[in-house]
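Trainee: Supplied in structure tokens, the structure appears directly below.
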Amino acid sequence: MTYVNYSNRTRPSLPPVGQAGEVTVRLAEYSDAAALTRLAALDDALVPDGPVLVAEAGDQAVAALPLHGGHAIADPFRRTTAMVEMLDLRARQLRGSDERKAGLSERLRSAFRAPRIRPHAS
């Protein structure tokens with residue numbers, strides 16, 4: 001019987017994300033449509049609808065996440081787990097600020113509403 005030692009084999013390494021790990025997280029623009037389509041095709045997924053956050057390494061989009069929930073799309077040939085986590089964190093931050101704004105506006109409206117005068121029952 002022959003045994004093969006696989007521990008000595010070198011694994012193929014994934015390409016680095018960006019120079020010195022630099023990543024940019026931003027909202028996607030109309031000009032990102034081709035990059036989002038490319039990512040969706042690589043990830044065998046649909047292009048997300050609505051506002052989308054994009055993670056860029058260098059000048060290339062490598063991951064994207066719908067701002068208001070949904071599944072991320074990412075380049076399966078790059079190390080993108082940490083970038084998807086950053087996108088998720090930023091999306092939660094942005095959604096949280098929207099919720100706080102809505103809460104503040106409702107509190108302000110209720111503070112300035114005219115008091116309702118109820119007739120005194122005798």
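If you're wondering about the labels, chains in the structure tokens are A, B, ... by order shown, residues count from 1 in each chain, ligands from 1 in order shown.
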Give me the residues within 10 Å of stretch 60-63 of chain A as a PyMOL selection string, counting only C-alpha atoms and dropping any in the same chain fewer than 2 places off.
Mentor: chain A and resi 17-18+23-25+28+32+34-36+38-40+43+53-58+65+72-81+83-84+87
Trainee: As a list in words, which residues of stretch 19-98 of chain A does DSSP assign to alpha helix (DSSP H)?
Mentor: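 Secondary structure check on stretch 19-98 of chain A, alpha helix (DSSP H): Ala33, Ala34, Ala35, Leu36, Thr37, Arg38, Leu39, Ala40, Ala41, Leu42, Thr81, Ala82, Met83, Val84, Glu85, Met86, Leu87, Asp88, Leu89, Arg90, Ala91, Arg92, Gln93, Leu94, Arg95, Gly96, Ser97 and Asp98 of chain A.
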Trainee: Given the choices A:Arg26, A:Thr37, A:Gly70, A:Leu46, which gets closest to A:Met86 if the distance is worked out from only C-alpha atoms?
Mentor: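 Closest residue, counting only C-alpha atoms: A:Arg26.
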Trainee: Could you tell me how far atom CA of A:Leu89 lies from atom CA of A:Leu67, in Å and to one decimal?
Mentor: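 According to the coordinates, atom CA of A:Leu89 and atom CA of A:Leu67 are separated by 10.4 Å.
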Trainee: Select, from A:Ser31, A:Gly21, A:Ala41, A:His68, the residue with the minimum atom-to-atom distance to A:Arg95, counting only C-alpha atoms.
Mentor: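 For A:Arg95, the nearest of the candidates is A:His68.
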